[in-house]
Amino acid sequence: MWFHTIATHRRPHPDEYGAISLVKRRGEKKYPGIKEARVIYWDAGPRTPDGRMPEEYEQEGVLLIGVGGGRLDEHPSMANPRKQGECAFTLVAKDLGIQDDPSI
């Protein structure tokens, strides 16, 4: 699997910017290609633009951060309640297994 794209919502918040920076700097092992991935912007919301599941996008090399109702989206959706105490940055840090790293 080669990751070529990161999707987030238009007018990202600081946590999405931080999450994107973190995954680009520290996520290459888990997400090959992510370091050079382009960033695209979707409308905010718990669904993907075409209604497909976030996992389908990942299988195609697109990582969703803060959008689409996936595992790296802290916003509530019908399938996922709001992830209390989380933001896109903390979800990415946990996903990469570096949440306790004092450098971040």
# chains A, B, ... in the order shown; residues from 1 in each chain; ligands from 1
>>> residues_around(residues="range 46-63 of chain A", least_positions_apart="2", cutoff="6 Å", atoms="only C-alpha atoms", output="VMD selection string")
chain A and resid 2 to 6 68 to 70 77
>>> write_last_selection(atoms="N, CA, C and O atoms", output="PDB file, in the first residue's frame")
ATOM      1  N   TRP A   2       0.593   2.168  -0.874  1.00  0.00           N
ATOM      2  CA  TRP A   2       1.321   3.426  -0.980  1.00  0.00           C
ATOM      3  C   TRP A   2       0.334   4.561  -0.750  1.00  0.00           C
ATOM      4  O   TRP A   2      -0.682   4.648  -1.435  1.00  0.00           O
ATOM      5  N   PHE A   3       0.625   5.414   0.221  1.00  0.00           N
ATOM      6  CA  PHE A   3      -0.268   6.533   0.530  1.00  0.00           C
ATOM      7  C   PHE A   3       0.180   7.756  -0.257  1.00  0.00           C
ATOM      8  O   PHE A   3       1.307   8.208  -0.125  1.00  0.00           O
ATOM      9  N   HIS A   4      -0.724   8.267  -1.054  1.00  0.00           N
ATOM     10  CA  HIS A   4      -0.421   9.387  -1.941  1.00  0.00           C
ATOM     11  C   HIS A   4      -1.218  10.647  -1.621  1.00  0.00           C
ATOM     12  O   HIS A   4      -0.905  11.721  -2.123  1.00  0.00           O
ATOM     13  N   THR A   5      -2.239  10.527  -0.760  1.00  0.00           N
ATOM     14  CA  THR A   5      -3.125  11.656  -0.496  1.00  0.00           C
ATOM     15  C   THR A   5      -3.589  11.647   0.960  1.00  0.00           C
ATOM     16  O   THR A   5      -3.854  10.585   1.518  1.00  0.00           O
ATOM     17  N   ILE A   6      -3.693  12.846   1.523  1.00  0.00           N
ATOM     18  CA  ILE A   6      -4.311  13.054   2.834  1.00  0.00           C
ATOM     19  C   ILE A   6      -5.523  13.948   2.595  1.00  0.00           C
ATOM     20  O   ILE A   6      -5.399  15.004   1.968  1.00  0.00           O
ATOM     21  N   GLY A  68     -14.796  12.486   7.300  1.00  0.00           N
ATOM     22  CA  GLY A  68     -15.260  11.206   6.798  1.00  0.00           C
ATOM     23  C   GLY A  68     -15.750  10.197   7.806  1.00  0.00           C
ATOM     24  O   GLY A  68     -16.162   9.108   7.439  1.00  0.00           O
ATOM     25  N   GLY A  69     -15.693  10.528   9.105  1.00  0.00           N
ATOM     26  CA  GLY A  69     -16.204   9.617  10.112  1.00  0.00           C
ATOM     27  C   GLY A  69     -15.321   8.418  10.412  1.00  0.00           C
ATOM     28  O   GLY A  69     -15.760   7.467  11.036  1.00  0.00           O
ATOM     29  N   GLY A  70     -14.071   8.477   9.998  1.00  0.00           N
ATOM     30  CA  GLY A  70     -13.166   7.353  10.219  1.00  0.00           C
ATOM     31  C   GLY A  70     -12.451   7.402  11.555  1.00  0.00           C
ATOM     32  O   GLY A  70     -12.758   8.213  12.429  1.00  0.00           O
ATOM     33  N   SER A  77     -20.405  11.156  14.430  1.00  0.00           N
ATOM     34  CA  SER A  77     -21.177  10.722  13.266  1.00  0.00           C
ATOM     35  C   SER A  77     -22.204   9.711  13.759  1.00  0.00           C
ATOM     36  O   SER A  77     -22.208   9.333  14.924  1.00  0.00           O
TER      37      SER A  77
END
>>> residues_around(residues="Gly18 in chain A", least_positions_apart="3", cutoff="12 Å", atoms="only C-alpha atoms", output="PyMOL selection string")
chain A and resi 8+12-15+21-26+65-66+87-93+104
>>> select_by_dssp(residues="chain A", states="strand (DSSP E or B)", output="PyMOL selection string")
chain A and resi 5-9+38-42+62-64
>>> atom_distance(atom1="CA of Gln84 in chain A", atom2="CA of Asp101 in chain A")
21.1 Å
>>> closest_residue(among="A:Leu64, A:Ala7, A:Ala19, A:Leu96", to="Val39 in chain A", atoms="only C-alpha atoms")
A:Ala7
>>> select_by_dssp(residues="chain A", states="alpha helix (DSSP H)", output="ChimeraX atom specification")
/A:14-26,54-59,88-96
>>> closest_residue(among="A:His9, A:Gly27, A:Gly45, A:Arg38", to="Lys94 in chain A", atoms="only C-alpha atoms")
A:Gly27
>>> atom_distance(atom1="CA of His75 in chain A", atom2="CA of Gly97 in chain A")
21.0 Å
>>> decode(residues="range 4-17 of chain A", atoms="N, CA, C and O atoms", output="PDB file, in the first residue's frame")
ATOM      1  N   HIS A   4      -0.724   8.267  -1.054  1.00  0.00           N
ATOM      2  CA  HIS A   4      -0.421   9.387  -1.941  1.00  0.00           C
ATOM      3  C   HIS A   4      -1.218  10.647  -1.621  1.00  0.00           C
ATOM      4  O   HIS A   4      -0.905  11.721  -2.123  1.00  0.00           O
ATOM      5  N   THR A   5      -2.239  10.527  -0.760  1.00  0.00           N
ATOM      6  CA  THR A   5      -3.125  11.656  -0.496  1.00  0.00           C
ATOM      7  C   THR A   5      -3.589  11.647   0.960  1.00  0.00           C
ATOM      8  O   THR A   5      -3.854  10.585   1.518  1.00  0.00           O
ATOM      9  N   ILE A   6      -3.693  12.846   1.523  1.00  0.00           N
ATOM     10  CA  ILE A   6      -4.311  13.054   2.834  1.00  0.00           C
ATOM     11  C   ILE A   6      -5.523  13.948   2.595  1.00  0.00           C
ATOM     12  O   ILE A   6      -5.399  15.004   1.968  1.00  0.00           O
ATOM     13  N   ALA A   7      -6.668  13.528   3.104  1.00  0.00           N
ATOM     14  CA  ALA A   7      -7.882  14.349   2.998  1.00  0.00           C
ATOM     15  C   ALA A   7      -8.222  14.910   4.373  1.00  0.00           C
ATOM     16  O   ALA A   7      -8.173  14.207   5.376  1.00  0.00           O
ATOM     17  N   THR A   8      -8.548  16.185   4.399  1.00  0.00           N
ATOM     18  CA  THR A   8      -9.033  16.846   5.604  1.00  0.00           C
ATOM     19  C   THR A   8     -10.118  17.827   5.179  1.00  0.00           C
ATOM     20  O   THR A   8     -10.445  17.930   3.993  1.00  0.00           O
ATOM     21  N   HIS A   9     -10.684  18.545   6.137  1.00  0.00           N
ATOM     22  CA  HIS A   9     -11.756  19.469   5.766  1.00  0.00           C
ATOM     23  C   HIS A   9     -11.211  20.850   5.401  1.00  0.00           C
ATOM     24  O   HIS A   9     -10.107  21.216   5.776  1.00  0.00           O
ATOM     25  N   ARG A  10     -12.019  21.570   4.650  1.00  0.00           N
ATOM     26  CA  ARG A  10     -11.663  22.951   4.283  1.00  0.00           C
ATOM     27  C   ARG A  10     -11.487  23.772   5.567  1.00  0.00           C
ATOM     28  O   ARG A  10     -12.122  23.511   6.568  1.00  0.00           O
ATOM     29  N   ARG A  11     -10.614  24.741   5.509  1.00  0.00           N
ATOM     30  CA  ARG A  11     -10.305  25.594   6.663  1.00  0.00           C
ATOM     31  C   ARG A  11      -9.972  24.740   7.897  1.00  0.00           C
ATOM     32  O   ARG A  11     -10.661  24.819   8.931  1.00  0.00           O
ATOM     33  N   PRO A  12      -8.928  23.910   7.792  1.00  0.00           N
ATOM     34  CA  PRO A  12      -8.575  23.026   8.914  1.00  0.00           C
ATOM     35  C   PRO A  12      -8.258  23.812  10.179  1.00  0.00           C
ATOM     36  O   PRO A  12      -7.796  24.951  10.125  1.00  0.00           O
ATOM     37  N   HIS A  13      -8.505  23.171  11.286  1.00  0.00           N
ATOM     38  CA  HIS A  13      -8.145  23.728  12.590  1.00  0.00           C
ATOM     39  C   HIS A  13      -6.689  23.393  12.882  1.00  0.00           C
ATOM     40  O   HIS A  13      -6.091  22.554  12.207  1.00  0.00           O
ATOM     41  N   PRO A  14      -6.098  24.012  13.901  1.00  0.00           N
ATOM     42  CA  PRO A  14      -4.706  23.705  14.239  1.00  0.00           C
ATOM     43  C   PRO A  14      -4.454  22.216  14.493  1.00  0.00           C
ATOM     44  O   PRO A  14      -3.379  21.709  14.179  1.00  0.00           O
ATOM     45  N   ASP A  15      -5.431  21.494  15.045  1.00  0.00           N
ATOM     46  CA  ASP A  15      -5.199  20.065  15.299  1.00  0.00           C
ATOM     47  C   ASP A  15      -5.056  19.272  14.010  1.00  0.00           C
ATOM     48  O   ASP A  15      -4.246  18.348  13.934  1.00  0.00           O
ATOM     49  N   GLU A  16      -5.795  19.624  12.962  1.00  0.00           N
ATOM     50  CA  GLU A  16      -5.620  18.934  11.681  1.00  0.00           C
ATOM     51  C   GLU A  16      -4.264  19.275  11.058  1.00  0.00           C
ATOM     52  O   GLU A  16      -3.565  18.391  10.563  1.00  0.00           O
ATOM     53  N   TYR A  17      -3.884  20.562  11.104  1.00  0.00           N
ATOM     54  CA  TYR A  17      -2.563  20.931  10.590  1.00  0.00           C
ATOM     55  C   TYR A  17      -1.467  20.172  11.332  1.00  0.00           C
ATOM     56  O   TYR A  17      -0.534  19.643  10.729  1.00  0.00           O
TER      57      TYR A  17
END
